[in-house]
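In what follows, a structure is listed as structure tokens, so that the remarks can point back to it.
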Amino acid sequence: MSFINYSSREINCKIVYYGPGLCGKTTNLQYIYANTNQNAKGKMISLATETERTLFFDFLPLSLGEIRGFKTRFHLYTVPGQVFYDASRKLILKGVDGVVFVADSQVERTEANVESVENLRTNLAEQGYDLDKIPYVIQYNKRDLPNAAPFDELRGLLNPRGVPDFEAIAPKGDGVYDTLKAIARLILTELKKGT
Amino acid sequence: MQPQMVMYDEEFQQISAVCERLAREANAKIVFLVDKNGQLIASVGATQDLDTTSLASLTAGNIAATGGLAKLIGEKEFSILFHEGERDNLHISVIGGRVILVVIFDTRSSLGLVRLRVKKASDELNKIFDGLLKKVQVPGAGSPFAEITDDDIDNLFSE
Ligand SMILES: Nc1nc2c(ncn2[C@@H]2O[C@H](COP(=O)(O)OP(=O)(O)OP(=O)(O)O)[C@@H](O)[C@H]2O)c(=O)[nH]1
Ligand SMILES: [Mg+2]
């Protein structure tokens with residue numbers, strides 16, 4: 001839930017990157033962190049296992065500039081994708097303003113992608129959110145791999161609602177900022193509606 | 001779903017004053033207030049060398065995680081957490097189920113004193129947040145973003 005602070009003239013919004021284990025959520029944040037101006041970002045925090053798997057969350061605060069005299073700040077979080085960390089995923093989703101679903105394009109991850117979307121839908125519903133109504137974008141990551149499924153196939157499977165979607169190669173940055181801008185735009189448009 | 005979180009200058013001044021007094025009366029180094037989603041509301045004391053944004057996010061994560069634990073064992077929520085360090089200690093408490101008050105203190109203070117002062121400050125903060133909530137629920141309180149245009153949003157991303 002966004003936080004409008006009239007005192008400091010700031011608006012804070014929360015974006016959560018969701019998706020199956022190893023799909024590239026953390027890599028998205030790492031790329032953004034490495035390629036964003038010093039004065040537009042805060043420290044990136046990663047609560048990870050010794051093998052670099054996300055244990056609780058990654059966190060990256062970003063400022064995107066001003067709208068009508070209000071500084072827009074976005075707090076980016078990733079969830080741990082591994083199935084057994086479901087309790088943690090639910091906690092991270094609290095107060096979310098928009099979700100990026102990062103899909104792993106590899107053919108053998110098809111089922112993991114589908115399960116993860118279903119898990120997202122369930123966990124959002126528990127908080128009273130409807131996946132079909134909240135700001136939502138999809139990223140098909142790992143497009144560089146030879147075993148990546150065809151784009152149309154992934155889109156047909158994961159994007160029946162026709163939300164903004166992007167192909168990506170997260171370590172190279174392809175599609176990373178496009179995805180971020182799209183979700184930020186949807187969140188601001190939602191704020192404009194003044195729900 | 002939680003209600004939209006809003007902060008106005010008037011309440012911000014009141015909240016800061018309560019935190020200032022708490023810091024003074026509890027001999028604390030730092031006092032800060034965070035919403036449950038990890039957004040910093042106010043901070044007072046020796047915060048200049050401190051990454052308060054990170055602190056806010058981790059504090060909220062901490063409360064969320066212990067809240068999850070509490071549920072599992074059939075508790076409502078652990079409304080007070082205490083972490084003892086070699087030099088500094090952290091006292092974390094949930095106020096009115098919605099905001100988190102953090103006090104950082106060292107040997108110039110004590111857990112007993114901090115507890116006592118936090119209790120008093122909590123009541124005051126609770127009242128302020130109650131008032132804030134009522135203000136937000138007034139119809140027509142209006143978002144400053146109601147009038148933004150697609151161009152405004154486009155401009156944000158043009159560089
Ligand atoms: N080839 C290729 N590798 C990628 C791509 N994106 C991420 N990876 C690699 O995939 C591995 C896992 O990436 P992470 O970003 O840690 O995955 P995650 O989604 O955060 O995983 P969890 O934290 O377990 O949920 C890393 O070794 C990345 O370098 C991509 O687009 N192409
Ligand atoms: Mg990760």
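By order in the structure tokens, chains are A, B, ...; within a chain, residues start at 1; ligands start at 1, following the order shown.
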
Taking only residues of chain B that have an atom at most 6 Å from an atom of chain A, what is each one's shortest atom pair and its distance in Å to one decimal, using only C-alpha atoms, in chain and number order, as JSON lines?
```
{"residue": "B:Met1", "atom": "CA", "partner": "A:Gly128", "partner_atom": "CA", "distance": 5.5}
{"residue": "B:Met5", "atom": "CA", "partner": "A:Phe3", "partner_atom": "CA", "distance": 4.7}
{"residue": "B:Val6", "atom": "CA", "partner": "A:Ile4", "partner_atom": "CA", "distance": 4.7}
{"residue": "B:Met7", "atom": "CA", "partner": "A:Asn5", "partner_atom": "CA", "distance": 4.6}
{"residue": "B:Tyr8", "atom": "CA", "partner": "A:Tyr6", "partner_atom": "CA", "distance": 4.9}
{"residue": "B:Asp9", "atom": "CA", "partner": "A:Ser7", "partner_atom": "CA", "distance": 4.2}
{"residue": "B:Asn37", "atom": "CA", "partner": "A:Gly95", "partner_atom": "CA", "distance": 6.0}
{"residue": "B:Ser143", "atom": "CA", "partner": "A:Gly194", "partner_atom": "CA", "distance": 5.8}
{"residue": "B:Phe145", "atom": "CA", "partner": "A:Lys192", "partner_atom": "CA", "distance": 4.8}
{"residue": "B:Ala146", "atom": "CA", "partner": "A:Lys192", "partner_atom": "CA", "distance": 4.4}
```

Test item: residues no farther than 10 Å from ligand 1, counting only C-alpha atoms and all ligand atoms, as an NGL selection string | :A and (17-31 or 46-49 or 51-58 or 78-83 or 85 or 102-106 or 140-146 or 148 or 167-176)

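Going from CA of Gly38 (chain B) over to CA of Ala56 (chain B), you cover 5.1 Å.
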
Residue contacts of Ile30 (chain B) (6 Å, only C-alpha atoms) excluding same-chain residues fewer than 4 positions away, as a PyMOL selection string = chain B and resi 44-46+103-104

Go ahead and write the residues just picked, N, CA, C and O atoms, as a PDB file, in the first residue's frame.
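This is the output file again.pdb:
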```
ATOM      1  N   VAL B  44      14.661  10.265  14.936  1.00  0.00           N
ATOM      2  CA  VAL B  44      15.335  11.325  15.686  1.00  0.00           C
ATOM      3  C   VAL B  44      16.587  10.755  16.345  1.00  0.00           C
ATOM      4  O   VAL B  44      16.714   9.555  16.525  1.00  0.00           O
ATOM      5  N   GLY B  45      17.513  11.635  16.671  1.00  0.00           N
ATOM      6  CA  GLY B  45      18.741  11.204  17.324  1.00  0.00           C
ATOM      7  C   GLY B  45      19.905  11.163  16.354  1.00  0.00           C
ATOM      8  O   GLY B  45      19.885  11.818  15.315  1.00  0.00           O
ATOM      9  N   ALA B  46      20.906  10.357  16.721  1.00  0.00           N
ATOM     10  CA  ALA B  46      22.146  10.330  15.954  1.00  0.00           C
ATOM     11  C   ALA B  46      22.009   9.473  14.707  1.00  0.00           C
ATOM     12  O   ALA B  46      22.632   8.431  14.574  1.00  0.00           O
ATOM     13  N   VAL B 103      13.796   1.726  19.387  1.00  0.00           N
ATOM     14  CA  VAL B 103      14.664   2.535  20.240  1.00  0.00           C
ATOM     15  C   VAL B 103      16.039   1.874  20.288  1.00  0.00           C
ATOM     16  O   VAL B 103      16.149   0.693  20.598  1.00  0.00           O
ATOM     17  N   ILE B 104      17.062   2.641  19.942  1.00  0.00           N
ATOM     18  CA  ILE B 104      18.431   2.130  20.052  1.00  0.00           C
ATOM     19  C   ILE B 104      19.089   2.806  21.246  1.00  0.00           C
ATOM     20  O   ILE B 104      19.089   4.038  21.350  1.00  0.00           O
TER      21      ILE B 104
END
```

Which of these residues is nearest to Glu153 (chain A), using only C-alpha atoms: A:Thr110, A:Thr36, A:Thr179, A:Ser116?
->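 Once distances to Glu153 (chain A) are computed over only C-alpha atoms, the minimum belongs to A:Thr110.
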